[in-house]
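Student: Take this structure, written in structure tokens, and hold onto it; I'll ask about it next.
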Amino acid sequence: TANGARDAWATAAMVYVPGSAITELADLAERHRDALEQAKEPAKFERKHCVIPTADVDAILRSRNGIINLFGRMLAQVDDAHVDGAVQVAHSFTTHATDTEIDYFSAVDDVTDAWADTTGSAHMGQAEHSAGVFYRNVVLDLHDLHANLHGDLAATRELTAELLRAALLSLPHAKKNSTAPNTIPHLAHLTVRTDRPVSYAAAFEEPVRADNVGGHTEPSVRALNDYAAAVQRLLGSGGLRYSAHAALASAKAEGLGERIDSFDELITGALASALPVQETA
């Protein structure tokens, strides 16, 4: 087809919809199959050329799933399709200075043409790797999530729990076969605040140094604990409804709240504080 015809199938923006919307759009097209088959292909798309009622298409494009309700969606071309995100995720960074490792690799074809020059490699490259103790901060605005879910408290509680579990236990998929990044967090700290979110990233503005046996984990925990305690003194406890942590280490961390034995109990405690279940008679 000509470029103009190809443009007729393009959109002015990326469209982020639930997987179920693809089937719904296909079913909608099937219901209007005869009109679509008889329609002429426009050189340039305009809404007046639409054979399928645009109101039906827009209704499907407004549909949401849990990911959209959590992280939001920008879709200005459709009224009421924009969703404000309820989650903020900061980039992870090491709590200490670290070096970048250079992994050089090459590949050679096992089967080549007899006339081909096989004295060199088929591909050469390098990848960069680093390792360390990372700090990551995730914020969830429960008020915004509750509004995105149209006041459904049960759905708010379920999505919140799943987000927390994913933040603690999800694994990166990029280069997973060559890095096997299967560790679990050494320490997880959850707070429920009624005033504003607080990041502890500044605890590592001065990178921690390895302890006497060479590790960075325990010094990082101490730095995090000291900073959290200082924040608590500065802000006071008025806006703090829940504060607790779960950790592999046995080191004391009073600044991070009560010590909880497991991630599941940590999440359950935070949910009970932030979204208490209302008992009915």
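Identifiers for the structure tokens are assigned positionally: chains receive A, B, ... in sequence, residues are indexed from 1 per chain, and ligands are indexed from 1 in the order shown.
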I'd like the neighbourhood of A:Ser92 as a list of chain:residue names, where a residue qualifies if any of its atoms comes within 9 Å (using only C-alpha atoms), though same-chain residues fewer than 5 positions away should be ignored.

Tutor: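 Here the answer would be A:Phe134, A:Tyr135, A:Arg136, A:Asn137.
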
Student: Neighbours of A:Glu162 within 12 Å (only C-alpha atoms; same-chain residues fewer than 5 positions away dropped), as a ChimeraX atom specification?

Tutor: /A:66-67,70,140,155-157,167-170,264,267-268,271

Student: Could the residues in this selection be written to a file with N, CA, C and O atoms, as a short mmCIF file (atom, residue, chain, number, x, y, z; two decimals), in the first residue's frame?

Tutor:
```
data_model
loop_
_atom_site.label_atom_id
_atom_site.label_comp_id
_atom_site.auth_asym_id
_atom_site.auth_seq_id
_atom_site.Cartn_x
_atom_site.Cartn_y
_atom_site.Cartn_z
N GLY A 66 -5.71 -3.98 36.69
CA GLY A 66 -5.02 -3.61 37.91
C GLY A 66 -3.77 -2.79 37.66
O GLY A 66 -3.47 -1.85 38.40
N ILE A 67 -3.01 -3.12 36.62
CA ILE A 67 -1.78 -2.40 36.32
C ILE A 67 -2.07 -0.94 35.98
O ILE A 67 -1.37 -0.03 36.43
N LEU A 70 -3.00 1.00 39.03
CA LEU A 70 -1.84 1.26 39.89
C LEU A 70 -0.91 2.30 39.28
O LEU A 70 -0.55 3.29 39.94
N LEU A 140 3.05 4.09 47.41
CA LEU A 140 1.70 3.85 46.93
C LEU A 140 0.76 4.82 47.62
O LEU A 140 0.69 4.85 48.86
N ALA A 155 -11.02 -4.44 46.36
CA ALA A 155 -10.06 -4.42 45.25
C ALA A 155 -8.83 -3.60 45.61
O ALA A 155 -7.71 -3.95 45.23
N THR A 156 -9.02 -2.52 46.36
CA THR A 156 -7.89 -1.70 46.81
C THR A 156 -6.97 -2.52 47.70
O THR A 156 -5.74 -2.49 47.54
N ARG A 157 -7.55 -3.28 48.60
CA ARG A 157 -6.75 -4.10 49.51
C ARG A 157 -6.00 -5.19 48.73
O ARG A 157 -4.83 -5.44 48.98
N ALA A 167 6.87 -6.08 44.72
CA ALA A 167 8.02 -5.23 45.00
C ALA A 167 9.09 -5.99 45.79
O ALA A 167 10.29 -5.75 45.61
N LEU A 168 8.66 -6.92 46.63
CA LEU A 168 9.61 -7.67 47.46
C LEU A 168 10.18 -8.90 46.76
O LEU A 168 11.35 -9.24 46.97
N LEU A 169 9.38 -9.54 45.91
CA LEU A 169 9.78 -10.86 45.42
C LEU A 169 9.94 -10.97 43.92
O LEU A 169 10.39 -12.00 43.42
N SER A 170 9.57 -9.94 43.14
CA SER A 170 9.71 -10.03 41.70
C SER A 170 11.18 -10.02 41.30
O SER A 170 12.03 -9.47 42.02
N ASP A 264 5.19 -11.85 54.64
CA ASP A 264 3.73 -11.95 54.64
C ASP A 264 3.13 -11.24 55.85
O ASP A 264 2.13 -10.51 55.73
N ILE A 267 3.38 -7.44 55.42
CA ILE A 267 2.35 -6.91 54.52
C ILE A 267 0.99 -6.91 55.21
O ILE A 267 0.22 -5.95 55.12
N THR A 268 0.69 -8.00 55.91
CA THR A 268 -0.60 -8.10 56.61
C THR A 268 -0.76 -6.99 57.64
O THR A 268 -1.83 -6.38 57.76
N LEU A 271 -1.42 -3.63 55.84
CA LEU A 271 -2.78 -3.57 55.31
C LEU A 271 -3.80 -3.36 56.43
O LEU A 271 -4.77 -2.60 56.27
#
```

Student: Residues of stretch 8-154 of chain A in alpha helix (DSSP H) according to DSSP, as a VMD selection string?

Tutor: chain A and resid 19 to 31 33 to 38 54 to 61 66 to 71 142 to 148 153 to 154

Student: Find the residues around A:Leu224 up to 12 Å (only C-alpha atoms counted), leave out those fewer than 5 positions away in its own chain, and share them as a short mmCIF file (atom, residue, chain, number, x, y, z; two decimals) with N, CA and C atoms, in the first residue's frame.

Tutor:
```cif
data_model
loop_
_atom_site.label_atom_id
_atom_site.label_comp_id
_atom_site.auth_asym_id
_atom_site.auth_seq_id
_atom_site.Cartn_x
_atom_site.Cartn_y
_atom_site.Cartn_z
N THR A 95 24.25 1.36 47.85
CA THR A 95 24.49 2.16 49.05
C THR A 95 25.97 2.49 49.23
N PHE A 134 21.69 -2.73 47.19
CA PHE A 134 20.86 -1.70 46.56
C PHE A 134 19.78 -1.20 47.51
N TYR A 135 19.49 0.09 47.38
CA TYR A 135 18.34 0.69 48.07
C TYR A 135 17.29 1.04 47.03
N ARG A 136 16.04 0.68 47.32
CA ARG A 136 14.94 1.00 46.41
C ARG A 136 13.75 1.50 47.22
N LEU A 187 16.51 -6.69 53.73
CA LEU A 187 15.65 -5.99 54.67
C LEU A 187 14.53 -5.27 53.92
N ALA A 188 13.32 -5.38 54.44
CA ALA A 188 12.17 -4.66 53.89
C ALA A 188 11.54 -3.85 55.01
N HIS A 189 11.28 -2.60 54.73
CA HIS A 189 10.71 -1.68 55.72
C HIS A 189 9.43 -1.08 55.14
N SER A 199 11.27 9.31 51.71
CA SER A 199 12.33 8.47 51.16
C SER A 199 13.53 8.52 52.09
N TYR A 200 14.21 7.38 52.22
CA TYR A 200 15.43 7.30 53.02
C TYR A 200 16.68 7.30 52.14
N ALA A 201 16.54 7.72 50.90
CA ALA A 201 17.67 7.69 49.97
C ALA A 201 18.85 8.51 50.48
N ALA A 202 18.57 9.61 51.18
CA ALA A 202 19.64 10.48 51.66
C ALA A 202 20.50 9.81 52.72
N ALA A 203 20.06 8.66 53.22
CA ALA A 203 20.89 7.93 54.18
C ALA A 203 22.21 7.51 53.56
N PHE A 204 22.24 7.44 52.23
CA PHE A 204 23.43 6.97 51.54
C PHE A 204 24.06 8.06 50.68
N GLU A 205 23.76 9.32 51.04
CA GLU A 205 24.43 10.44 50.36
C GLU A 205 25.94 10.33 50.55
N GLU A 206 26.35 9.85 51.73
CA GLU A 206 27.74 9.46 51.95
C GLU A 206 27.82 7.94 51.85
N PRO A 207 28.44 7.40 50.82
CA PRO A 207 28.44 5.95 50.62
C PRO A 207 28.97 5.22 51.85
N VAL A 208 28.35 4.10 52.19
CA VAL A 208 28.83 3.32 53.33
C VAL A 208 30.12 2.61 52.96
N THR A 217 26.41 -5.03 53.69
CA THR A 217 25.02 -5.17 54.09
C THR A 217 24.75 -4.58 55.46
N GLU A 218 25.47 -5.03 56.46
CA GLU A 218 25.22 -4.55 57.81
C GLU A 218 25.49 -3.05 57.96
N PRO A 219 26.58 -2.52 57.39
CA PRO A 219 26.75 -1.06 57.45
C PRO A 219 25.61 -0.31 56.79
N ALA A 229 15.64 6.87 62.11
CA ALA A 229 15.42 7.38 63.47
C ALA A 229 15.49 8.91 63.49
N ALA A 230 16.43 9.49 62.73
CA ALA A 230 16.53 10.94 62.66
C ALA A 230 15.29 11.56 62.02
N VAL A 231 14.78 10.93 60.98
CA VAL A 231 13.56 11.40 60.33
C VAL A 231 12.39 11.35 61.31
N HIS A 245 9.58 -3.71 60.06
CA HIS A 245 10.53 -4.23 59.10
C HIS A 245 10.71 -5.74 59.29
N LYS A 252 19.90 -4.97 65.52
CA LYS A 252 18.79 -4.15 65.99
C LYS A 252 18.58 -2.98 65.04
N ALA A 253 17.31 -2.67 64.80
CA ALA A 253 16.97 -1.55 63.92
C ALA A 253 15.71 -0.87 64.44
N GLU A 254 15.82 -0.30 65.64
CA GLU A 254 14.65 0.31 66.28
C GLU A 254 14.08 1.46 65.46
N GLY A 255 14.94 2.14 64.70
CA GLY A 255 14.47 3.25 63.89
C GLY A 255 13.56 2.82 62.77
N LEU A 256 13.54 1.51 62.44
CA LEU A 256 12.72 0.97 61.37
C LEU A 256 11.47 0.28 61.90
N GLY A 257 11.13 0.55 63.14
CA GLY A 257 9.91 0.01 63.71
C GLY A 257 10.06 -1.40 64.23
#
```

Student: Counting only C-alpha atoms, figure out which residue out of A:Ala76, A:Ala247, A:Ser121, A:Phe71 gets nearest to A:Pro185.

Tutor: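 Closest candidate: A:Ala247.
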
Student: Residues near stretch 107-112 of chain A, anyone? I mean within 7 Å using only C-alpha atoms, not counting same-chain ones fewer than 5 positions away, as a list in words.

Tutor: Ser121, Ala122, His123 and Met124 of chain A

Student: Go ahead and save the residues from that selection, with C-alpha atoms, as a PDB file, in the first residue's frame.

Tutor:
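Writing done, so here's result-v9.pdb:
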```
ATOM      1  CA  SER A 121      34.466 -14.285  14.899  1.00  0.00           C
ATOM      2  CA  ALA A 122      30.941 -13.752  13.673  1.00  0.00           C
ATOM      3  CA  HIS A 123      30.256 -11.313  16.483  1.00  0.00           C
ATOM      4  CA  MET A 124      32.187  -9.597  19.263  1.00  0.00           C
TER       5      MET A 124
END
```

Student: Which residue, A:Pro276, A:Ala210, A:Asp27, A:His186, has the smallest gap to A:Ala249 when you use only C-alpha atoms?

Tutor: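 The closest residue to A:Ala249 is A:His186.
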
Student: Taking only C-alpha atoms into account, which of A:Leu266, A:Leu145, A:Thr100, A:Thr183 comes nearest A:Gln88?

Tutor: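 The shortest atom-to-atom distance to A:Gln88 comes from A:Leu145.
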
Student: Identify, with DSSP run on backbone atoms, the residues in stretch 58-210 of chain A assigned to strand (DSSP E), and express the list as a ChimeraX atom specification.

Tutor: /A:87-89,93-94,101-107,123-129,134-135,138-140,187-193
